[in-house]
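J.: Just so it is clear, I am handing over my_file_21.txt, which has compact mmCIF, C-alpha atoms.
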```txt
# COMPACT_ATOMS: atom_id res chain seq x y z
CA MET A 1 -84.19 8.09 65.91
CA ILE A 2 -83.31 6.80 69.37
CA TYR A 3 -83.60 8.97 72.50
CA THR A 4 -81.67 8.39 75.71
CA PRO A 5 -81.23 10.50 78.87
CA THR A 6 -78.13 8.60 80.06
CA GLY A 7 -76.27 7.79 76.85
CA GLU A 8 -76.87 4.06 77.33
CA VAL A 9 -78.61 2.80 74.21
CA LEU A 10 -79.45 -0.50 72.54
CA VAL A 11 -79.32 -0.35 68.75
CA GLN A 12 -80.97 -3.36 67.12
CA GLY A 13 -82.68 -4.49 63.96
CA TRP A 14 -82.48 -7.07 61.19
CA VAL A 15 -81.40 -7.46 57.58
CA GLU A 16 -82.30 -9.98 54.90
CA GLY A 17 -79.83 -12.83 54.52
CA PRO A 18 -76.64 -13.65 56.46
CA ALA A 19 -74.40 -10.67 57.20
CA SER A 20 -71.89 -9.21 59.61
CA ILE A 21 -72.94 -5.88 61.13
CA THR A 22 -71.06 -2.87 62.46
CA ILE A 23 -72.77 0.02 64.24
CA GLY A 24 -70.73 3.19 64.40
CA GLY A 25 -67.61 1.09 63.92
CA THR A 26 -68.57 -1.36 66.69
CA ASP A 27 -69.13 -5.02 65.81
CA ALA A 28 -72.73 -5.96 66.61
CA GLU A 29 -73.93 -9.27 68.02
CA THR A 30 -75.80 -11.23 65.35
CA LEU A 31 -78.17 -14.17 65.12
CA VAL A 32 -79.10 -15.78 61.79
CA ASN A 33 -82.70 -17.03 61.87
CA PRO A 34 -83.97 -20.11 60.01
CA ASP A 35 -85.36 -17.89 57.24
CA SER A 36 -81.82 -16.49 56.75
CA ARG A 37 -82.71 -13.13 58.26
CA THR A 38 -79.92 -11.75 60.46
CA ASP A 39 -80.96 -10.08 63.73
CA PHE A 40 -78.38 -7.72 65.22
CA TRP A 41 -77.91 -5.67 68.37
CA ALA A 42 -75.26 -3.63 70.18
CA GLU A 43 -75.22 -1.81 73.53
CA LEU A 44 -73.48 1.56 73.22
CA LEU A 45 -72.62 4.48 75.51
CA MET A 46 -73.08 7.86 73.84
CA ASP A 47 -71.97 11.37 74.76
CA VAL A 48 -74.51 14.15 75.33
CA GLY A 49 -75.76 15.57 72.04
CA THR A 50 -76.90 14.23 68.70
CA ALA A 51 -74.89 11.58 66.86
CA GLN A 52 -75.30 9.86 63.51
CA LEU A 53 -74.19 6.23 63.45
CA GLU A 54 -73.68 4.17 60.32
CA VAL A 55 -75.12 0.67 60.44
CA ILE A 56 -73.18 -1.33 57.86
CA ALA A 57 -74.28 -4.82 56.84
CA THR A 58 -71.71 -6.86 54.93
CA ALA A 59 -72.89 -9.99 53.09
CA PRO A 60 -70.65 -13.05 52.61
CA ASP A 61 -69.91 -11.93 49.02
CA GLY A 62 -68.66 -8.55 50.27
CA ALA A 63 -71.70 -6.53 49.23
CA THR A 64 -72.61 -3.84 51.76
CA SER A 65 -75.69 -1.85 52.67
CA ILE A 66 -75.64 1.21 54.91
CA GLN A 67 -78.29 2.85 57.06
CA ASN A 68 -77.92 5.82 59.40
CA VAL A 69 -79.31 5.85 62.93
CA THR A 70 -79.70 9.11 64.84
CA ILE A 71 -79.07 8.97 68.60
CA VAL A 72 -80.14 11.89 70.79
CA THR A 73 -78.62 11.94 74.29
CA ASP A 74 -80.37 14.53 76.46
CA PRO A 75 -80.23 14.39 80.30
CA SER A 76 -83.50 16.35 80.50
CA LEU A 77 -85.40 13.40 79.02
CA VAL A 78 -87.22 10.97 81.33
CA ARG A 79 -87.62 7.22 80.78
CA GLN A 80 -90.68 5.85 82.55
CA PHE A 81 -91.61 2.19 82.91
CA ALA A 82 -95.35 1.68 82.41
CA PHE A 83 -98.22 -0.48 81.25
CA ILE A 84 -100.38 0.95 78.45
CA SER A 85 -104.11 0.22 78.52
CA ALA A 86 -105.50 2.50 75.79
CA VAL A 87 -104.41 4.66 72.87
CA ASP A 88 -106.38 7.44 71.18
CA PRO A 89 -104.69 8.32 67.87
CA GLU A 90 -107.14 11.13 67.09
CA ALA A 91 -106.31 12.92 70.37
CA SER A 92 -102.66 11.73 70.24
CA THR A 93 -102.86 10.37 73.79
CA LEU A 94 -102.33 7.13 75.65
CA VAL A 95 -103.35 5.87 79.08
CA ALA A 96 -100.44 4.64 81.19
CA ASP A 97 -100.08 2.90 84.54
CA PHE A 98 -96.61 3.77 85.88
CA ALA A 99 -94.59 0.98 87.49
CA GLU A 100 -91.00 0.24 88.57
CA TRP A 101 -88.50 -2.17 86.97
CA PHE A 102 -85.69 -3.86 88.91
CA THR A 103 -82.98 -6.30 87.82
CA GLY A 104 -80.19 -8.25 89.54
CA ASP A 105 -79.63 -7.65 93.25
CA GLU A 106 -82.08 -4.73 93.17
CA ALA A 107 -84.83 -7.09 91.96
CA ALA A 108 -84.31 -9.42 94.92
CA ALA A 109 -84.15 -6.53 97.38
CA ALA A 110 -87.35 -4.96 96.05
CA ALA A 111 -89.19 -8.29 96.10
CA ILE A 112 -88.13 -8.94 99.69
CA ALA A 113 -89.15 -5.41 100.72
CA ASP A 114 -92.58 -6.04 99.19
CA GLY A 115 -92.98 -9.33 101.06
CA GLU A 116 -92.60 -11.35 97.84
CA GLY A 117 -89.25 -13.00 98.56
CA ALA A 118 -87.28 -14.95 101.14
CA SER A 119 -86.28 -12.89 104.17
CA ASP A 120 -82.77 -14.38 104.15
CA GLY A 121 -82.02 -12.47 100.94
CA THR A 122 -81.56 -15.55 98.77
CA TYR A 123 -84.41 -14.68 96.41
CA ASP A 124 -83.02 -15.14 92.88
CA LEU A 125 -84.74 -13.07 90.18
CA GLU A 126 -83.81 -11.90 86.71
CA PHE A 127 -86.25 -9.01 87.10
CA TYR A 128 -88.98 -7.74 89.38
CA ILE A 129 -91.85 -5.36 88.61
CA ARG A 130 -93.34 -3.22 91.36
CA ASN A 131 -96.75 -1.71 90.69
CA GLN A 132 -98.30 -0.55 93.93
CA ASN A 133 -100.23 2.42 92.55
CA ASP A 134 -103.20 1.86 90.23
CA ARG A 135 -103.42 5.51 89.16
CA LEU A 136 -103.92 5.91 85.40
CA ARG A 137 -102.36 8.86 83.58
CA THR A 138 -103.38 10.24 80.19
CA LEU A 139 -100.25 11.39 78.36
CA GLU A 140 -99.81 13.37 75.16
CA VAL A 141 -97.93 11.57 72.39
CA ALA A 142 -95.79 13.69 70.08
CA GLN A 143 -96.41 13.54 66.35
CA GLY A 144 -94.16 10.99 64.64
CA THR A 145 -93.36 9.12 67.86
CA GLU A 146 -91.61 5.82 67.09
CA ILE A 147 -93.25 2.80 68.71
CA ILE A 148 -90.98 -0.25 68.88
CA LEU A 149 -92.71 -3.61 69.37
CA ILE A 150 -91.38 -7.16 69.64
CA ALA A 151 -92.54 -9.34 66.75
CA CYS A 152 -92.55 -13.06 66.06
CA TYR A 153 -92.76 -14.18 62.45
CA PRO A 154 -94.72 -17.34 61.51
CA ASN A 155 -92.71 -20.59 61.46
CA GLU A 156 -89.76 -18.90 63.16
CA ASP A 157 -87.78 -21.04 65.60
CA GLY A 158 -86.20 -19.68 68.75
CA PRO A 159 -87.12 -16.69 70.95
CA CYS A 160 -89.13 -13.74 69.67
CA VAL A 161 -86.62 -10.93 69.73
CA THR A 162 -87.23 -9.20 66.41
CA THR A 163 -88.35 -5.57 66.69
CA GLU A 164 -90.73 -3.74 64.39
CA SER A 165 -91.69 -0.06 64.38
CA VAL A 166 -95.31 1.04 64.01
CA GLY A 167 -97.17 4.34 64.03
CA LEU A 168 -99.70 5.52 66.60
CA VAL A 169 -102.75 4.49 64.54
CA THR A 170 -101.44 0.93 64.10
CA PHE A 171 -100.45 0.78 67.78
CA ALA A 172 -103.97 1.83 68.79
CA ASP A 173 -105.44 -0.90 66.58
CA LEU A 174 -103.11 -3.50 68.10
CA ILE A 175 -103.88 -2.42 71.67
CA ALA A 176 -107.60 -2.72 70.88
CA ASP A 177 -107.21 -6.10 69.13
CA PRO A 178 -103.81 -7.73 69.79
CA GLU A 179 -104.69 -10.87 67.84
CA SER A 180 -105.05 -8.83 64.64
CA ALA A 181 -101.27 -8.43 64.29
CA LEU A 182 -100.77 -11.48 62.10
CA ASP A 183 -103.48 -10.48 59.62
CA THR A 184 -102.61 -6.78 59.51
CA GLN A 185 -98.82 -6.80 60.02
CA GLY A 186 -97.70 -10.29 59.03
CA TRP A 187 -96.25 -11.13 62.45
CA TYR A 188 -97.42 -12.21 65.89
CA TRP A 189 -97.18 -9.51 68.55
CA TYR A 190 -95.03 -10.94 71.33
CA GLY A 191 -96.50 -8.78 74.07
CA ALA A 192 -100.10 -8.73 72.85
CA GLY A 193 -100.60 -5.63 74.99
CA GLU A 194 -99.92 -7.44 78.25
CA VAL A 195 -96.23 -6.66 78.81
CA PRO A 196 -94.87 -3.27 79.91
CA PHE A 197 -93.18 -0.52 77.93
CA TRP A 198 -90.53 2.15 78.37
CA LEU A 199 -91.84 5.65 77.66
CA THR A 200 -89.37 8.40 76.83
CA LEU A 201 -90.81 11.78 77.81
CA SER A 202 -89.74 15.32 76.98
CA GLU A 203 -91.43 17.85 79.29
CA GLY A 204 -94.17 15.32 79.99
CA VAL A 205 -94.84 14.46 76.32
CA VAL A 206 -94.16 10.94 75.05
CA ILE A 207 -91.61 10.96 72.21
CA GLN A 208 -90.71 7.25 72.07
CA ILE A 209 -92.28 3.94 73.16
CA GLU A 210 -90.33 0.67 73.48
CA GLU A 211 -91.77 -2.69 74.45
CA GLN A 212 -89.90 -4.45 77.28
CA TYR A 213 -88.93 -8.05 76.56
CA LEU A 214 -89.76 -10.39 79.44
CA PRO A 215 -87.81 -13.70 79.31
```
What does the file become when written as structure tokens?
T.:
Amino acid sequence: MIYTPTGEVLVQGWVEGPASITIGGTDAETLVNPDSRTDFWAELLMDVGTAQLEVIATAPDGATSIQNVTIVTDPSLVRQFAFISAVDPEASTLVADFAEWFTGDEAAAAAIADGEGASDGTYDLEFYIRNQNDRLRTLEVAQGTEIILIACYPNEDGPCVTTESVGLVTFADLIADPESALDTQGWYWYGAGEVPFWLTLSEGVVIQIEEQYLP
């Protein structure tokens, strides 16, 4: 399940072997990795409400596999950019340091305003992170919250852009010992707990966690 307050959503994943992918009738972007796994992604704009999208993978021989993805678009939801320093699966809580994320012209403007860029406005940034408040917040995590991490498989060429979903107990173990990912999950954890996340909150409770890729 994917939650979004604005309707803007990135649907992504991977399938074994080469394939073409459609998501809700939209052709997805694809990348075939050296191990013949096909990564796919598509940026969609959804209406308010709950929608079921079919993800259809079609192999070169015409064989198809279908999975359904549920998208919930609810303007009352809040997406918060944050760093996560600790997770307590028994209490179903995490400790977050809220920050701000800027891209494009807004990234340059924010950097300049913070004294980090050229005053003539020529500062060129893909992104900028502002974190001027070191307050830590303990947030409740809803049962069954999906946690989406960026994984890198051994011997894989190219950028690490594959996503994997884990539960709160596994996430807590990885936060405590990021280097354990290869032994326990079979992949390297791209962020290793150092990169930020997007938290989706419903009435202050975390219902989804997504790792932010930093180029």
J.: Name all residues at most 7 Å from stretch 180-190 of chain A (count all atoms listed in the file; drop same-chain ones fewer than 2 positions away) and give them as a list in words.
T.: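 Contacts, in chain order: Ile150, Ala151, Cys152, Tyr153, Pro154, Cys160, Leu174, Asp177, Pro178 and Ala192 of chain A.
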J.: Name the residues in contact with stretch 53-64 of chain A at a cut-off of 6 Å, using all atoms listed in the file, excluding same-chain residues fewer than 6 positions from it; report them as a list in words.
T.: Ala19, Ser20, Ile21, Thr22, Ile23 and Gly24 of chain A
J.: Mind pulling up the distance from atom CA of A:Trp198 to atom CA of A:Glu8?
T.: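 Interatomic distance here is 13.8 Å.
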J.: Find, counting only C-alpha atoms, the residue in A:Leu125, A:Leu199, A:Ile66, A:Ala42 that gets nearest to A:Gln12.
T.: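 Among the listed residues, A:Ala42 lies closest to A:Gln12.
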J.: Report the distance between atom CA of A:Thr70 and atom CA of A:Thr4 in Å, rounded to one decimal place.
T.: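 Result for atom CA of A:Thr70 versus atom CA of A:Thr4: 11.1 Å, one decimal.
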J.: Write out as a list in words each polymer residue whose atoms come within 7 Å of A:Pro5, counting all atoms listed in the file; drop sequence neighbours fewer than 2 positions from it.
T.: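 With the cut-off at 7 Å, the set is Tyr3, Gly7, Thr73, Asp74, Pro75, Ser76, Leu77 and Val78 of chain A.
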J.: Near stretch 130-133 of chain A, counting all atoms listed in the file, which residues have an atom at most 12 Å away, once you skip same-chain residues fewer than 2 positions from it, shown as a list in words?
T.: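 Near stretch 130-133 of chain A, the qualifying residues are Phe81, Ala82, Phe83, Ala96, Asp97, Phe98, Ala99, Glu100, Trp101, Phe102, Thr103, Glu106, Ala107, Ala108, Ala109, Ala110, Ala111, Ile112, Ala113, Asp114, Gly115, Glu116, Phe127, Tyr128, Arg135, Leu136, Arg137 and Pro196 of chain A.
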J.: Given the choices A:Leu149, A:Ile175, A:Leu168, A:Leu139, which gets closest to A:Val206 if the distance is worked out from only C-alpha atoms?
T.: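 Residue with the minimum atom-to-atom distance to A:Val206: A:Leu139.
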J.: Could you tell me how far atom CA of A:Glu126 sits from atom CA of A:Glu179, in Å to one decimal place?
T.: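 About the pair atom CA of A:Glu179 and atom CA of A:Glu126: they are 28.2 Å apart.
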J.: My list of candidates is A:Glu194, A:Gly17, A:Gly204, A:Val32. Which is closest to A:Ser65 when distances are computed with all atoms listed in the file?
T.: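 Answer, going by the shortest atom-to-atom distance: A:Gly17.
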J.: Give the answer as one residue: which of A:Val48, A:Val9, A:Val205, A:Ile2 has the shortest atom-to-atom distance to A:Ala142, using only C-alpha atoms?
T.: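 Of A:Val48, A:Val9, A:Val205, A:Ile2, the one nearest A:Ala142, counting only C-alpha atoms, is A:Val205.
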